[in-house]
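Reviewing the structure listed below.
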Amino acid sequence: TAEEPDRLPGEIILNLTKDGKVTVNGQTLTLDDLRVRLQRVSKYYPGQPVIIRADKQTAYEQLIGVVDVCRSADIWNFSLATDGEAK
């Protein structure tokens, strides 16, 4: 849905550009760097919430690549952000 959810403390926001670049807190990460970071986080904070914000022109394969990295790092509490634009 495009409803504005309540923000959770400490949630991680991943931004995915249309060209597949991943940024977290303004820092560009490779998928391997992202995996290492998320593995470290999930070790100390099980259930860590992650929000994935992708440009609407991002290729589906790139988005799935980020989802796969989350899953491989034992991050299962993730959601996809929408812009809430009216239909």
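Chain lettering (A, B, ...) mirrors the order of the structure tokens, residue numbering begins at 1 for each chain separately, and ligand numbering begins at 1 in order of display.
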query: Neighbours of Cys70 of chain A within 8 Å (only C-alpha atoms; same-chain residues fewer than 5 positions away dropped), as a PyMOL selection string?
result: chain A and resi 35+38+75-76+78
Taking N, CA, C and O atoms for each residue, export the selection above as a PDB file, in the first residue's frame.
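Final file, part37.pdb:
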```
ATOM      1  N   ARG A  35      25.809  -6.724   1.939  1.00  0.00           N
ATOM      2  CA  ARG A  35      25.635  -8.018   2.608  1.00  0.00           C
ATOM      3  C   ARG A  35      26.416  -8.064   3.920  1.00  0.00           C
ATOM      4  O   ARG A  35      25.885  -8.461   4.960  1.00  0.00           O
ATOM      5  N   LEU A  38      24.742  -5.780   6.499  1.00  0.00           N
ATOM      6  CA  LEU A  38      23.485  -6.324   7.005  1.00  0.00           C
ATOM      7  C   LEU A  38      23.698  -7.571   7.857  1.00  0.00           C
ATOM      8  O   LEU A  38      22.973  -7.789   8.835  1.00  0.00           O
ATOM      9  N   ILE A  75      18.076 -10.945   7.083  1.00  0.00           N
ATOM     10  CA  ILE A  75      17.158  -9.818   7.260  1.00  0.00           C
ATOM     11  C   ILE A  75      15.857 -10.203   6.571  1.00  0.00           C
ATOM     12  O   ILE A  75      15.801 -10.335   5.352  1.00  0.00           O
ATOM     13  N   TRP A  76      14.817 -10.405   7.371  1.00  0.00           N
ATOM     14  CA  TRP A  76      13.511 -10.812   6.825  1.00  0.00           C
ATOM     15  C   TRP A  76      12.458  -9.739   7.063  1.00  0.00           C
ATOM     16  O   TRP A  76      11.371  -9.795   6.503  1.00  0.00           O
ATOM     17  N   PHE A  78      11.777  -6.690   6.005  1.00  0.00           N
ATOM     18  CA  PHE A  78      11.997  -5.608   5.054  1.00  0.00           C
ATOM     19  C   PHE A  78      10.696  -5.276   4.358  1.00  0.00           C
ATOM     20  O   PHE A  78       9.790  -6.101   4.271  1.00  0.00           O
TER      21      PHE A  78
END
```
Set the distance at 12 Å and use only C-alpha atoms: which residues neighbour Asp33 of chain A once local chain neighbours fewer than 2 positions away are removed? I'd like the list as a tab-separated table (two decimals) with all heavy atoms, in the first residue's frame.
```tsv
chain	number	residue	atom	x	y	z
A	22	VAL	N	23.25	1.32	-4.92
A	22	VAL	CA	22.66	1.20	-3.60
A	22	VAL	C	23.34	2.19	-2.66
A	22	VAL	O	24.57	2.23	-2.59
A	22	VAL	CB	22.83	-0.23	-3.04
A	22	VAL	CG1	22.28	-0.34	-1.63
A	22	VAL	CG2	22.18	-1.25	-3.95
A	23	THR	N	22.54	2.96	-1.94
A	23	THR	CA	23.10	3.87	-0.94
A	23	THR	C	22.38	3.66	0.40
A	23	THR	O	21.19	3.40	0.44
A	23	THR	CB	22.99	5.35	-1.34
A	23	THR	OG1	21.62	5.68	-1.54
A	23	THR	CG2	23.77	5.66	-2.59
A	24	VAL	N	23.17	3.79	1.46
A	24	VAL	CA	22.67	3.74	2.83
A	24	VAL	C	23.32	4.90	3.56
A	24	VAL	O	24.54	5.00	3.58
A	24	VAL	CB	23.01	2.41	3.53
A	24	VAL	CG1	22.53	2.41	4.97
A	24	VAL	CG2	22.44	1.23	2.77
A	27	GLN	N	25.98	6.75	1.73
A	27	GLN	CA	27.18	6.02	1.33
A	27	GLN	C	26.81	4.98	0.28
A	27	GLN	O	25.92	4.16	0.50
A	27	GLN	CB	27.80	5.33	2.54
A	27	GLN	CG	29.07	4.60	2.24
A	27	GLN	CD	29.66	3.94	3.49
A	27	GLN	OE1	29.00	3.79	4.50
A	27	GLN	NE2	30.91	3.54	3.39
A	28	THR	N	27.51	5.01	-0.85
A	28	THR	CA	27.28	4.04	-1.91
A	28	THR	C	27.96	2.72	-1.54
A	28	THR	O	29.12	2.71	-1.13
A	28	THR	CB	27.83	4.55	-3.25
A	28	THR	OG1	27.18	5.79	-3.56
A	28	THR	CG2	27.58	3.56	-4.37
A	29	LEU	N	27.21	1.62	-1.70
A	29	LEU	CA	27.71	0.30	-1.34
A	29	LEU	C	27.55	-0.67	-2.51
A	29	LEU	O	26.56	-0.60	-3.24
A	29	LEU	CB	26.93	-0.27	-0.15
A	29	LEU	CG	26.91	0.53	1.14
A	29	LEU	CD1	25.93	-0.09	2.13
A	29	LEU	CD2	28.29	0.59	1.74
A	30	THR	N	28.50	-1.58	-2.66
A	30	THR	CA	28.31	-2.70	-3.58
A	30	THR	C	27.37	-3.68	-2.88
A	30	THR	O	27.15	-3.60	-1.66
A	30	THR	CB	29.65	-3.41	-3.89
A	30	THR	OG1	30.13	-4.02	-2.69
A	30	THR	CG2	30.68	-2.43	-4.46
A	31	LEU	N	26.85	-4.65	-3.62
A	31	LEU	CA	25.99	-5.65	-2.99
A	31	LEU	C	26.76	-6.47	-1.97
A	31	LEU	O	26.21	-6.83	-0.92
A	31	LEU	CB	25.35	-6.55	-4.05
A	31	LEU	CG	24.30	-5.87	-4.94
A	31	LEU	CD1	23.73	-6.89	-5.93
A	31	LEU	CD2	23.19	-5.24	-4.12
A	35	ARG	N	25.81	-6.72	1.94
A	35	ARG	CA	25.63	-8.02	2.61
A	35	ARG	C	26.42	-8.06	3.92
A	35	ARG	O	25.89	-8.46	4.96
A	35	ARG	CB	26.08	-9.16	1.70
A	35	ARG	CG	25.90	-10.54	2.31
A	35	ARG	CD	26.32	-11.67	1.37
A	35	ARG	NE	25.38	-11.74	0.25
A	35	ARG	CZ	25.66	-11.35	-1.00
A	35	ARG	NH1	26.84	-10.86	-1.31
A	35	ARG	NH2	24.75	-11.46	-1.95
A	36	VAL	N	27.68	-7.64	3.89
A	36	VAL	CA	28.52	-7.65	5.10
A	36	VAL	C	27.90	-6.75	6.17
A	36	VAL	O	27.80	-7.14	7.34
A	36	VAL	CB	29.96	-7.20	4.76
A	36	VAL	CG1	30.76	-6.93	6.02
A	36	VAL	CG2	30.64	-8.24	3.90
A	37	ARG	N	27.46	-5.58	5.78
A	37	ARG	CA	26.87	-4.64	6.74
A	37	ARG	C	25.59	-5.21	7.35
A	37	ARG	O	25.40	-5.16	8.55
A	37	ARG	CB	26.58	-3.30	6.06
A	37	ARG	CG	25.99	-2.29	7.02
A	37	ARG	CD	25.82	-0.95	6.38
A	37	ARG	NE	27.13	-0.34	6.23
A	37	ARG	CZ	27.33	0.92	5.92
A	37	ARG	NH1	26.31	1.73	5.72
A	37	ARG	NH2	28.54	1.41	5.79
A	38	LEU	N	24.74	-5.78	6.50
A	38	LEU	CA	23.49	-6.32	7.00
A	38	LEU	C	23.70	-7.57	7.86
A	38	LEU	O	22.97	-7.79	8.83
A	38	LEU	CB	22.53	-6.62	5.85
A	38	LEU	CG	21.99	-5.40	5.10
A	38	LEU	CD1	21.09	-5.84	3.96
A	38	LEU	CD2	21.27	-4.45	6.03
A	39	GLN	N	24.69	-8.39	7.53
A	39	GLN	CA	25.00	-9.56	8.37
A	39	GLN	C	25.42	-9.12	9.76
A	39	GLN	O	25.01	-9.73	10.76
A	39	GLN	CB	26.09	-10.41	7.72
A	39	GLN	CG	25.62	-11.21	6.54
A	39	GLN	CD	26.74	-11.89	5.79
A	39	GLN	OE1	27.89	-11.45	5.80
A	39	GLN	NE2	26.40	-12.97	5.11
A	40	ARG	N	26.22	-8.08	9.82
A	40	ARG	CA	26.68	-7.56	11.12
A	40	ARG	C	25.49	-7.03	11.92
A	40	ARG	O	25.36	-7.30	13.11
A	40	ARG	CB	27.73	-6.48	10.89
A	40	ARG	CG	28.41	-6.01	12.14
A	40	ARG	CD	29.57	-5.07	11.88
A	40	ARG	NE	29.30	-4.11	10.82
A	40	ARG	CZ	30.07	-3.91	9.76
A	40	ARG	NH1	31.17	-4.59	9.60
A	40	ARG	NH2	29.74	-3.03	8.85
A	66	VAL	N	18.78	-6.89	-4.40
A	66	VAL	CA	18.85	-6.29	-3.07
A	66	VAL	C	18.03	-7.12	-2.07
A	66	VAL	O	18.47	-7.37	-0.95
A	66	VAL	CB	18.37	-4.82	-3.10
A	66	VAL	CG1	18.22	-4.26	-1.69
A	66	VAL	CG2	19.35	-3.97	-3.90
A	69	VAL	N	20.04	-10.10	-1.15
A	69	VAL	CA	21.10	-9.76	-0.20
A	69	VAL	C	20.53	-9.67	1.21
A	69	VAL	O	21.12	-10.19	2.16
A	69	VAL	CB	21.80	-8.44	-0.60
A	69	VAL	CG1	22.65	-7.90	0.55
A	69	VAL	CG2	22.65	-8.64	-1.83
A	70	CYS	N	19.37	-9.06	1.36
A	70	CYS	CA	18.72	-8.98	2.68
A	70	CYS	C	18.48	-10.38	3.23
A	70	CYS	O	18.82	-10.68	4.38
A	70	CYS	CB	17.40	-8.22	2.60
A	70	CYS	SG	17.56	-6.45	2.32
A	73	ALA	N	21.53	-12.21	4.36
A	73	ALA	CA	22.09	-11.64	5.59
A	73	ALA	C	21.17	-11.88	6.79
A	73	ALA	O	21.38	-11.33	7.86
A	73	ALA	CB	22.32	-10.14	5.40
```
task: Mind the document's chain letters and residue numbers, and return as a list in words the residues of segment 1-75 of chain A that DSSP labels strand (DSSP E or B).
output: Ile12, Ile13, Leu14, Asn15, Leu16, Val22, Thr23, Val24, Gln27, Thr28, Leu29, Val50, Ile51, Ile52, Arg53 and Ala54 of chain A
- request: Output as a ChimeraX atom specification all residues of chain A that backbone DSSP marks as helix (DSSP H, G or I).
  value: /A:31-44,60-72
May I have the residues within 7 Å of segment 57-65 of chain A as an mmCIF file with C-alpha atoms, in the first residue's frame, using only C-alpha atoms and disregarding those fewer than 3 positions away in the same chain?
```
data_model
loop_
_atom_site.group_PDB
_atom_site.id
_atom_site.type_symbol
_atom_site.label_atom_id
_atom_site.label_comp_id
_atom_site.auth_asym_id
_atom_site.auth_seq_id
_atom_site.Cartn_x
_atom_site.Cartn_y
_atom_site.Cartn_z
ATOM 1 C CA THR A 17 18.661 4.109 -8.125
ATOM 2 C CA LYS A 18 17.457 3.262 -11.614
ATOM 3 C CA ASP A 19 21.027 2.351 -12.583
ATOM 4 C CA GLY A 20 21.292 -0.114 -9.675
ATOM 5 C CA ALA A 54 13.714 1.998 -5.383
ATOM 6 C CA ASP A 68 18.269 -11.519 -2.042
ATOM 7 C CA VAL A 69 21.103 -9.757 -0.200
#
```
